[in-house]
Amino acid sequence: MNNSEELLKLDKQHIWHPYSAMGSDMPVYPVVSAEGVRLKLADGRELIDGMSSWWCAIHGYNHPQMNQALTGQLQNMSHVMFGGLTHPPAVELAKKLVEITPEPMQSVFFSDSGSVSVEVAMKMAIQYWHARGDAKRQRFLTIRSGYHGDTFGAMSVCDPDTGMHSLFNEVLAKQIFVERPTCRFGDSCTQQDIAPFEQALNKHKTAIAAVIMEPIVQGAGGMRFYSADYLKQVRRLCDEHNVLLILDEIATGFGRTGKLFACEYADISPDIMCVGKALTGGYLTLAATLTTRTVSETISQGHPGVFMHGPTFMANPLACAAALSSIRLLLESNWQQNIQRIEQGLLSGFAACREYDNVQDVRVLGAIGVVEMKQAVDMKTITEKFVSAGVWLRPFGKLVYLMPPYIITNEDLSRLTQAVSEITHP
Ligand SMILES: Cc1ncc(COP(=O)(O)O)c(C=O)c1O
C-alpha cells in the first residue's frame with residue numbers, strides 16, 4: 001500500500017496502537033523504511049531516532065551484518081517447535097548468554113516477549129519453593145516506580161500508580177510494595193534508605209517467593225537511576241532472609257547503562273534474570289529468563305518434575321540468529337567507549353535544560369538521557385514539534401528522554417539534544 005492517506009485511514013479504522021484509543025486523533029506517522037539511525041516517513045521526511053524503538057535497536061536499522069544473519073537463517077528454517085526438538089541458533093545463543101551474564105546464571109528459558117519472561121521468572125520462583133515443600137511462598141516484594149510489563153503477573157509488580165495498571169487492581173495478585181529508593185545513582189545507601197525494604201522483607205519473608213526489581217534504572221515507571229549500593233543491600237538482605245532475587249534487565253541489558261548488565265554496577269548477581277528488548281538488536285521479538293543451577297535443579301527434581309511453561313514460538317530460530325548476531329556485533333565493537341561518548345554528548349547537550357524554570361531534573365546514565373519537566377507535556381503538540389525538527393522522540397508524562405542507537409554519530413546526537421533543548425525551552 002503506497003497511498004499513505006489510505007493507509008492512515010485504515011489504521012485509524014482498525015488498529016490499536018500501544019496505550020491508545022481506537023480512532024484517536026493522536027497522529028501516527030507512517031514509516032516506509034529505516035536505515036542506520038534514520039526513520040524514513042512516507043512523505044519523504046527523515047527522522048533521527050532517539051528511542052532505539054523502545055530500547056531495542058542498539059545497532060540502528062537495516063544493519064548489513066544483522067540482515068545477513070537473518071537471511072542466512074531463513075535459508076535453513078524460520079521456525080520449528082521447541083518441544084522435543086532443538087537447533088543450533090538456540091543452543092549457541094543459550095551458551096553465549098550464559099557466558100556474558102553473571103556466572104551463576106546457567107539455565108536459559110526462551111520466550112517471546114519481555115512481559116512473558118517476567119511471568120516465567122515469577123513462575124520459576126514459585127515452583128522453586130513448591131519443589132522445596134514451601135508452597136506458601138507465592139508473593140513478590142518489589143519497589144515502587146517499577147515497570148515489568150503488561151501481562152497479569154508482570155502488572156501485579158508494576159507500580160500500582162505510575163505503572164499504568166491501576167484499572168486492574170481488583171484482579172491483580174496483591175504483592176508487597178516498598179517505597180522507591182531515594183538514594184540516587186552515585187550516592188551511597190544509608191541504613192535509613194534501606195530500612196523500608198528491610199522491614200517489609202522481615203515482615204513478609206515466609207510468604208515471599210522472590211524480590212523483583214529493575215537494577216539501577218527504573219524505566220517506564222519514571223526513568224529514575226538509583227544507588228548501586230541500594231541494590232547491593234537488597235542482595236545481602238535477600239540472602240540473609242533466604243528469598244530469591246529476580247532482576248529484570250529487559251531495558252538495561254546489553255550495554256545501555258554503560259555496563260553490559262546493570263547489576264554489574266553493584267557487583268552482584270540475581271537468582272533469576274530477565275533479558276529482552278536489545279537482545280535481538282531490535283530485529284525480532286525474543287526474551288529469555290536465566291537462572292542458577294540451584295533453582296533449575298530444584299524445580300526439575302521436585303514435584304511435578306517439569307517447569308510448567310512452553311510458548312509456541314519458544315526459541316524461534318530466526319530470533320535466536322538475530323540475537324546471536326546482535327551480541328557478536330556488540331561485543332566486537334568498542335561499546336564501553338561508545339556508551340561513554342554518548343553519555344558525554346547527552347550531558348553536554350542537556351546542560352542548558354538544567355537552568356530552565358519548567359525543568360525539574362536532568363539525569364544521564366550511559367546512553368540514557370532524561371529531562372524531567374515540572375508539568376506533564378502535551379504529547380500531541382510536543383511530538384509534532386519534534387517531528388518538524390527532524391527527530392523521533394516519544395515523551396510520556398513529565399518525561400522527555402533519549403536512548404539512541406549506539407551507532408549514532410556525535411552530529412546526529414547533538415541534533416537530538418538540540419531539539420530537546422529548544423522544544424522544552426520555556
Ligand atoms: C524493565 C521492563 N520489563 C519488562 C518489559 C516488558 O517487555 P515487553 O514489552 O517486551 O513485554 C519492559 C518493557 O518496556 C521493561 O522496560
# chains A, B, ... in the order shown; residues from 1 in each chain; ligands from 1
>>> residues_near_ligand(ligand="ligand 1", cutoff="8 Å", atoms="only C-alpha atoms and all ligand atoms", output="PyMOL selection string")
chain A and resi 54+112-118+146-151+154+214+218-220+248-252+274+276-277+285-287
>>> select_by_dssp(residues="segment 171-395 of chain A", states="alpha helix (DSSP H)", output="PyMOL selection string")
chain A and resi 191-204+228-240+293-301+317-332+335-349+379-388
>>> closest_atom_pairs(of="segment 325-403 of chain A", to="segment 24-28 of chain A", cutoff="12 Å", atoms="only C-alpha atoms", output="Markdown table")
| residue | atom | partner | partner_atom | distance |
| --- | --- | --- | --- | --- |
| A:Asp378 | CA | A:Met26 | CA | 10.9 |
| A:Met379 | CA | A:Met26 | CA | 8.5 |
| A:Lys380 | CA | A:Met26 | CA | 6.1 |
| A:Thr381 | CA | A:Met26 | CA | 9.6 |
| A:Ile382 | CA | A:Met26 | CA | 11.5 |
| A:Thr383 | CA | A:Pro27 | CA | 8.8 |
| A:Glu384 | CA | A:Pro27 | CA | 8.5 |
| A:Val387 | CA | A:Pro27 | CA | 11.0 |
| A:Trp392 | CA | A:Val28 | CA | 11.8 |
| A:Arg394 | CA | A:Val28 | CA | 11.5 |
>>> select_by_dssp(residues="segment 96-295 of chain A", states="strand (DSSP E or B)", output="PyMOL selection string")
chain A and resi 107-111+139-143+176-178+184+208-213+217-218+224-226+244-248+272-275+287-291
>>> closest_residue(among="A:Ala262, A:Val32, A:Val377, A:Met403", to="Pro102 of chain A", atoms="only C-alpha atoms")
A:Ala262
>>> residues_around(residues="segment 230-239 of chain A", least_positions_apart="2", cutoff="9 Å", atoms="only C-alpha atoms", output="PDB file with N, CA and C atoms, in the first residue's frame")
ATOM      1  N   PRO A 181      13.680   3.627  46.098  1.00  0.00           N
ATOM      2  CA  PRO A 181      14.901   4.138  46.730  1.00  0.00           C
ATOM      3  C   PRO A 181      15.023   5.643  46.497  1.00  0.00           C
ATOM      4  N   CYS A 183      17.919   7.169  47.433  1.00  0.00           N
ATOM      5  CA  CYS A 183      19.338   7.409  47.163  1.00  0.00           C
ATOM      6  C   CYS A 183      19.579   7.242  45.665  1.00  0.00           C
ATOM      7  N   SER A 188      25.711   6.793  48.199  1.00  0.00           N
ATOM      8  CA  SER A 188      25.741   5.552  48.973  1.00  0.00           C
ATOM      9  C   SER A 188      24.328   5.313  49.505  1.00  0.00           C
ATOM     10  N   CYS A 189      24.131   4.158  50.129  1.00  0.00           N
ATOM     11  CA  CYS A 189      22.803   3.820  50.628  1.00  0.00           C
ATOM     12  C   CYS A 189      22.895   3.720  52.149  1.00  0.00           C
ATOM     13  N   THR A 190      22.204   4.592  52.841  1.00  0.00           N
ATOM     14  CA  THR A 190      22.286   4.592  54.305  1.00  0.00           C
ATOM     15  C   THR A 190      21.310   3.558  54.875  1.00  0.00           C
ATOM     16  N   ASP A 193      17.912   4.577  54.223  1.00  0.00           N
ATOM     17  CA  ASP A 193      17.451   4.359  52.847  1.00  0.00           C
ATOM     18  C   ASP A 193      16.922   2.932  52.651  1.00  0.00           C
ATOM     19  N   ILE A 194      17.605   1.982  53.262  1.00  0.00           N
ATOM     20  CA  ILE A 194      17.236   0.581  53.009  1.00  0.00           C
ATOM     21  C   ILE A 194      16.196   0.077  54.024  1.00  0.00           C
ATOM     22  N   PHE A 197      12.720  -1.337  52.954  1.00  0.00           N
ATOM     23  CA  PHE A 197      12.849  -2.616  52.259  1.00  0.00           C
ATOM     24  C   PHE A 197      13.093  -3.737  53.272  1.00  0.00           C
ATOM     25  N   GLU A 198      14.004  -3.466  54.195  1.00  0.00           N
ATOM     26  CA  GLU A 198      14.366  -4.481  55.187  1.00  0.00           C
ATOM     27  C   GLU A 198      13.160  -4.848  56.059  1.00  0.00           C
ATOM     28  N   LEU A 201      10.676  -6.952  54.094  1.00  0.00           N
ATOM     29  CA  LEU A 201      11.205  -8.302  53.877  1.00  0.00           C
ATOM     30  C   LEU A 201      11.083  -9.127  55.161  1.00  0.00           C
ATOM     31  N   ALA A 210       9.957 -14.264  45.910  1.00  0.00           N
ATOM     32  CA  ALA A 210      11.136 -13.536  45.413  1.00  0.00           C
ATOM     33  C   ALA A 210      10.927 -12.035  45.506  1.00  0.00           C
ATOM     34  N   VAL A 211      12.056 -11.348  45.520  1.00  0.00           N
ATOM     35  CA  VAL A 211      12.060  -9.898  45.316  1.00  0.00           C
ATOM     36  C   VAL A 211      12.262  -9.710  43.818  1.00  0.00           C
ATOM     37  N   PRO A 215      17.279  -3.438  37.897  1.00  0.00           N
ATOM     38  CA  PRO A 215      18.526  -2.996  38.521  1.00  0.00           C
ATOM     39  C   PRO A 215      18.929  -1.592  38.068  1.00  0.00           C
ATOM     40  N   ILE A 216      19.206  -0.731  39.006  1.00  0.00           N
ATOM     41  CA  ILE A 216      19.764   0.632  38.782  1.00  0.00           C
ATOM     42  C   ILE A 216      18.814   1.610  38.072  1.00  0.00           C
ATOM     43  N   TYR A 226      18.871   4.670  40.505  1.00  0.00           N
ATOM     44  CA  TYR A 226      19.089   4.619  41.954  1.00  0.00           C
ATOM     45  C   TYR A 226      20.448   4.018  42.309  1.00  0.00           C
ATOM     46  N   SER A 227      20.792   4.170  43.577  1.00  0.00           N
ATOM     47  CA  SER A 227      22.117   3.821  44.079  1.00  0.00           C
ATOM     48  C   SER A 227      22.475   2.327  43.903  1.00  0.00           C
ATOM     49  N   ALA A 228      23.681   2.100  43.390  1.00  0.00           N
ATOM     50  CA  ALA A 228      24.161   0.721  43.238  1.00  0.00           C
ATOM     51  C   ALA A 228      24.296   0.053  44.609  1.00  0.00           C
ATOM     52  N   HIS A 241      17.662 -13.367  54.402  1.00  0.00           N
ATOM     53  CA  HIS A 241      16.290 -13.814  54.688  1.00  0.00           C
ATOM     54  C   HIS A 241      15.863 -14.984  53.814  1.00  0.00           C
ATOM     55  N   ASN A 242      16.806 -15.523  53.056  1.00  0.00           N
ATOM     56  CA  ASN A 242      16.529 -16.692  52.243  1.00  0.00           C
ATOM     57  C   ASN A 242      15.365 -16.461  51.265  1.00  0.00           C
ATOM     58  N   VAL A 243      15.489 -15.397  50.496  1.00  0.00           N
ATOM     59  CA  VAL A 243      14.480 -15.056  49.490  1.00  0.00           C
ATOM     60  C   VAL A 243      15.194 -14.927  48.153  1.00  0.00           C
ATOM     61  N   LEU A 244      14.559 -15.374  47.063  1.00  0.00           N
ATOM     62  CA  LEU A 244      15.200 -15.267  45.747  1.00  0.00           C
ATOM     63  C   LEU A 244      15.164 -13.819  45.243  1.00  0.00           C
ATOM     64  N   LEU A 245      16.124 -13.478  44.390  1.00  0.00           N
ATOM     65  CA  LEU A 245      16.152 -12.142  43.785  1.00  0.00           C
ATOM     66  C   LEU A 245      16.029 -12.270  42.264  1.00  0.00           C
ATOM     67  N   CYS A 263      23.325  -4.833  36.779  1.00  0.00           N
ATOM     68  CA  CYS A 263      23.648  -5.382  38.096  1.00  0.00           C
ATOM     69  C   CYS A 263      25.157  -5.367  38.353  1.00  0.00           C
ATOM     70  N   TYR A 265      27.028  -2.878  38.180  1.00  0.00           N
ATOM     71  CA  TYR A 265      27.355  -1.690  38.972  1.00  0.00           C
ATOM     72  C   TYR A 265      27.398  -2.019  40.465  1.00  0.00           C
ATOM     73  N   ALA A 266      26.567  -2.965  40.875  1.00  0.00           N
ATOM     74  CA  ALA A 266      26.523  -3.326  42.298  1.00  0.00           C
ATOM     75  C   ALA A 266      27.372  -4.552  42.578  1.00  0.00           C
ATOM     76  N   ASP A 267      27.980  -5.097  41.504  1.00  0.00           N
ATOM     77  CA  ASP A 267      28.814  -6.273  41.653  1.00  0.00           C
ATOM     78  C   ASP A 267      28.054  -7.431  42.308  1.00  0.00           C
ATOM     79  N   ILE A 268      26.842  -7.616  41.885  1.00  0.00           N
ATOM     80  CA  ILE A 268      26.033  -8.708  42.440  1.00  0.00           C
ATOM     81  C   ILE A 268      25.434  -9.508  41.291  1.00  0.00           C
ATOM     82  N   SER A 269      24.905 -10.679  41.614  1.00  0.00           N
ATOM     83  CA  SER A 269      24.158 -11.416  40.597  1.00  0.00           C
ATOM     84  C   SER A 269      22.819 -11.837  41.175  1.00  0.00           C
ATOM     85  N   PRO A 270      21.821 -11.946  40.326  1.00  0.00           N
ATOM     86  CA  PRO A 270      20.499 -12.363  40.800  1.00  0.00           C
ATOM     87  C   PRO A 270      20.397 -13.884  40.859  1.00  0.00           C
TER      88      PRO A 270
END
>>> residues_around(residues="Leu141 of chain A", least_positions_apart="4", cutoff="9 Å", atoms="only C-alpha atoms", output="MDAnalysis selection string")
chainID A and resid 157 175:178 197 200:201 204 208:213
>>> residues_around(residues="Val364 of chain A", least_positions_apart="6", cutoff="9 Å", atoms="only C-alpha atoms", output="PyMOL selection string")
chain A and resi 225+343-344+346-347+350+370-371
>>> closest_residue(among="A:His63, A:Arg180, A:Arg224, A:His14", to="Ile143 of chain A", atoms="only C-alpha atoms")
A:Arg180
>>> atom_distance(atom1="atom CA of Phe110 of chain A", atom2="atom CA of Ala288 of chain A")
4.4 Å
>>> atom_distance(atom1="atom CA of Ile246 of chain A", atom2="atom CA of Asn202 of chain A")
17.8 Å
>>> atom_distance(atom1="atom CA of Pro317 of chain A", atom2="atom CA of Leu290 of chain A")
18.2 Å
>>> closest_residue(among="A:Glu5, A:Ile407, A:Lys205, A:Arg139", to="Glu240 of chain A", atoms="only C-alpha atoms")
A:Lys205
>>> residues_around(residues="Lys259 of chain A", least_positions_apart="6", cutoff="10 Å", atoms="only C-alpha atoms", output="count of residues only")
7
>>> residues_around(residues="His425 of chain A", least_positions_apart="3", cutoff="8 Å", atoms="only C-alpha atoms", output="MDAnalysis selection string")
chainID A and resid 353 356 358 421:422
>>> write_last_selection(atoms="N, CA, C and O atoms", output="PDB file, in the first residue's frame")
ATOM      1  N   CYS A 353      19.215  22.704  29.657  1.00  0.00           N
ATOM      2  CA  CYS A 353      17.887  22.371  30.220  1.00  0.00           C
ATOM      3  C   CYS A 353      17.893  22.456  31.745  1.00  0.00           C
ATOM      4  O   CYS A 353      16.852  22.714  32.352  1.00  0.00           O
ATOM      5  N   TYR A 356      16.409  25.638  33.040  1.00  0.00           N
ATOM      6  CA  TYR A 356      15.046  26.054  32.698  1.00  0.00           C
ATOM      7  C   TYR A 356      14.116  26.010  33.918  1.00  0.00           C
ATOM      8  O   TYR A 356      14.159  25.049  34.696  1.00  0.00           O
ATOM      9  N   ASN A 358      10.985  25.404  33.867  1.00  0.00           N
ATOM     10  CA  ASN A 358       9.966  24.347  33.744  1.00  0.00           C
ATOM     11  C   ASN A 358      10.553  22.935  33.848  1.00  0.00           C
ATOM     12  O   ASN A 358       9.845  21.954  33.666  1.00  0.00           O
ATOM     13  N   SER A 421      16.454  20.494  23.786  1.00  0.00           N
ATOM     14  CA  SER A 421      16.784  21.740  24.462  1.00  0.00           C
ATOM     15  C   SER A 421      15.900  22.882  23.954  1.00  0.00           C
ATOM     16  O   SER A 421      15.368  23.675  24.737  1.00  0.00           O
ATOM     17  N   GLU A 422      15.714  22.959  22.647  1.00  0.00           N
ATOM     18  CA  GLU A 422      14.911  24.053  22.078  1.00  0.00           C
ATOM     19  C   GLU A 422      13.428  23.883  22.365  1.00  0.00           C
ATOM     20  O   GLU A 422      12.729  24.839  22.702  1.00  0.00           O
TER      21      GLU A 422
END
>>> closest_residue(among="A:Ser326, A:Pro395, A:Met314, A:Thr417", to="Met81 of chain A", atoms="only C-alpha atoms")
A:Met314
>>> closest_residue(among="A:Thr162, A:Ser300, A:Gln73, A:Thr142", to="Ala319 of chain A", atoms="only C-alpha atoms")
A:Gln73
>>> decode(residues="segment 280-301 of chain A", atoms="N, CA, C and O atoms", output="PDB file, in the first residue's frame")
ATOM      1  N   THR A 280      17.791  -8.952  20.587  1.00  0.00           N
ATOM      2  CA  THR A 280      17.876  -9.227  19.141  1.00  0.00           C
ATOM      3  C   THR A 280      18.272  -7.978  18.354  1.00  0.00           C
ATOM      4  O   THR A 280      18.037  -7.912  17.143  1.00  0.00           O
ATOM      5  N   GLY A 281      18.820  -6.984  19.013  1.00  0.00           N
ATOM      6  CA  GLY A 281      19.149  -5.739  18.322  1.00  0.00           C
ATOM      7  C   GLY A 281      17.903  -5.081  17.734  1.00  0.00           C
ATOM      8  O   GLY A 281      18.004  -4.275  16.809  1.00  0.00           O
ATOM      9  N   GLY A 282      16.748  -5.449  18.268  1.00  0.00           N
ATOM     10  CA  GLY A 282      15.501  -4.837  17.804  1.00  0.00           C
ATOM     11  C   GLY A 282      14.953  -5.457  16.530  1.00  0.00           C
ATOM     12  O   GLY A 282      14.001  -4.938  15.945  1.00  0.00           O
ATOM     13  N   TYR A 283      15.528  -6.566  16.085  1.00  0.00           N
ATOM     14  CA  TYR A 283      15.058  -7.161  14.825  1.00  0.00           C
ATOM     15  C   TYR A 283      13.805  -7.996  14.986  1.00  0.00           C
ATOM     16  O   TYR A 283      12.932  -7.983  14.131  1.00  0.00           O
ATOM     17  N   LEU A 284      13.745  -8.782  16.057  1.00  0.00           N
ATOM     18  CA  LEU A 284      12.604  -9.679  16.246  1.00  0.00           C
ATOM     19  C   LEU A 284      12.306  -9.780  17.730  1.00  0.00           C
ATOM     20  O   LEU A 284      13.143  -9.443  18.565  1.00  0.00           O
ATOM     21  N   THR A 285      11.118 -10.271  18.035  1.00  0.00           N
ATOM     22  CA  THR A 285      10.751 -10.347  19.441  1.00  0.00           C
ATOM     23  C   THR A 285      11.269 -11.638  20.078  1.00  0.00           C
ATOM     24  O   THR A 285      11.018 -12.733  19.578  1.00  0.00           O
ATOM     25  N   LEU A 286      12.038 -11.473  21.128  1.00  0.00           N
ATOM     26  CA  LEU A 286      12.602 -12.624  21.844  1.00  0.00           C
ATOM     27  C   LEU A 286      13.014 -12.166  23.234  1.00  0.00           C
ATOM     28  O   LEU A 286      13.460 -11.028  23.411  1.00  0.00           O
ATOM     29  N   ALA A 287      12.822 -13.016  24.211  1.00  0.00           N
ATOM     30  CA  ALA A 287      13.280 -12.720  25.573  1.00  0.00           C
ATOM     31  C   ALA A 287      13.806 -14.011  26.174  1.00  0.00           C
ATOM     32  O   ALA A 287      13.594 -15.101  25.625  1.00  0.00           O
ATOM     33  N   ALA A 288      14.495 -13.886  27.295  1.00  0.00           N
ATOM     34  CA  ALA A 288      14.990 -15.084  27.962  1.00  0.00           C
ATOM     35  C   ALA A 288      14.981 -14.864  29.463  1.00  0.00           C
ATOM     36  O   ALA A 288      15.192 -13.749  29.939  1.00  0.00           O
ATOM     37  N   THR A 289      14.685 -15.935  30.189  1.00  0.00           N
ATOM     38  CA  THR A 289      14.782 -15.923  31.644  1.00  0.00           C
ATOM     39  C   THR A 289      15.911 -16.869  31.999  1.00  0.00           C
ATOM     40  O   THR A 289      15.881 -18.041  31.609  1.00  0.00           O
ATOM     41  N   LEU A 290      16.903 -16.347  32.705  1.00  0.00           N
ATOM     42  CA  LEU A 290      18.051 -17.181  33.076  1.00  0.00           C
ATOM     43  C   LEU A 290      18.019 -17.441  34.572  1.00  0.00           C
ATOM     44  O   LEU A 290      17.548 -16.599  35.343  1.00  0.00           O
ATOM     45  N   THR A 291      18.517 -18.586  34.955  1.00  0.00           N
ATOM     46  CA  THR A 291      18.582 -18.856  36.394  1.00  0.00           C
ATOM     47  C   THR A 291      19.791 -19.718  36.754  1.00  0.00           C
ATOM     48  O   THR A 291      20.553 -20.135  35.886  1.00  0.00           O
ATOM     49  N   THR A 292      19.925 -19.944  38.058  1.00  0.00           N
ATOM     50  CA  THR A 292      21.070 -20.701  38.562  1.00  0.00           C
ATOM     51  C   THR A 292      20.795 -22.201  38.468  1.00  0.00           C
ATOM     52  O   THR A 292      19.643 -22.632  38.351  1.00  0.00           O
ATOM     53  N   ARG A 293      21.855 -22.976  38.574  1.00  0.00           N
ATOM     54  CA  ARG A 293      21.695 -24.435  38.618  1.00  0.00           C
ATOM     55  C   ARG A 293      20.833 -24.837  39.816  1.00  0.00           C
ATOM     56  O   ARG A 293      20.031 -25.759  39.738  1.00  0.00           O
ATOM     57  N   THR A 294      21.036 -24.122  40.936  1.00  0.00           N
ATOM     58  CA  THR A 294      20.274 -24.484  42.148  1.00  0.00           C
ATOM     59  C   THR A 294      18.785 -24.371  41.872  1.00  0.00           C
ATOM     60  O   THR A 294      18.016 -25.293  42.182  1.00  0.00           O
ATOM     61  N   VAL A 295      18.364 -23.259  41.271  1.00  0.00           N
ATOM     62  CA  VAL A 295      16.934 -23.082  41.005  1.00  0.00           C
ATOM     63  C   VAL A 295      16.451 -24.105  39.981  1.00  0.00           C
ATOM     64  O   VAL A 295      15.439 -24.782  40.192  1.00  0.00           O
ATOM     65  N   SER A 296      17.179 -24.250  38.874  1.00  0.00           N
ATOM     66  CA  SER A 296      16.674 -25.149  37.826  1.00  0.00           C
ATOM     67  C   SER A 296      16.675 -26.604  38.297  1.00  0.00           C
ATOM     68  O   SER A 296      15.739 -27.356  38.017  1.00  0.00           O
ATOM     69  N   GLU A 297      17.695 -26.998  39.063  1.00  0.00           N
ATOM     70  CA  GLU A 297      17.723 -28.398  39.519  1.00  0.00           C
ATOM     71  C   GLU A 297      16.661 -28.658  40.575  1.00  0.00           C
ATOM     72  O   GLU A 297      16.030 -29.720  40.591  1.00  0.00           O
ATOM     73  N   THR A 298      16.439 -27.668  41.438  1.00  0.00           N
ATOM     74  CA  THR A 298      15.406 -27.859  42.472  1.00  0.00           C
ATOM     75  C   THR A 298      14.046 -28.038  41.801  1.00  0.00           C
ATOM     76  O   THR A 298      13.279 -28.942  42.160  1.00  0.00           O
ATOM     77  N   ILE A 299      13.755 -27.193  40.816  1.00  0.00           N
ATOM     78  CA  ILE A 299      12.467 -27.308  40.109  1.00  0.00           C
ATOM     79  C   ILE A 299      12.372 -28.666  39.416  1.00  0.00           C
ATOM     80  O   ILE A 299      11.358 -29.363  39.496  1.00  0.00           O
ATOM     81  N   SER A 300      13.451 -29.051  38.753  1.00  0.00           N
ATOM     82  CA  SER A 300      13.410 -30.279  37.957  1.00  0.00           C
ATOM     83  C   SER A 300      13.352 -31.529  38.823  1.00  0.00           C
ATOM     84  O   SER A 300      12.807 -32.563  38.405  1.00  0.00           O
ATOM     85  N   GLN A 301      13.892 -31.448  40.053  1.00  0.00           N
ATOM     86  CA  GLN A 301      13.889 -32.639  40.909  1.00  0.00           C
ATOM     87  C   GLN A 301      12.659 -32.705  41.808  1.00  0.00           C
ATOM     88  O   GLN A 301      12.374 -33.730  42.410  1.00  0.00           O
TER      89      GLN A 301
END
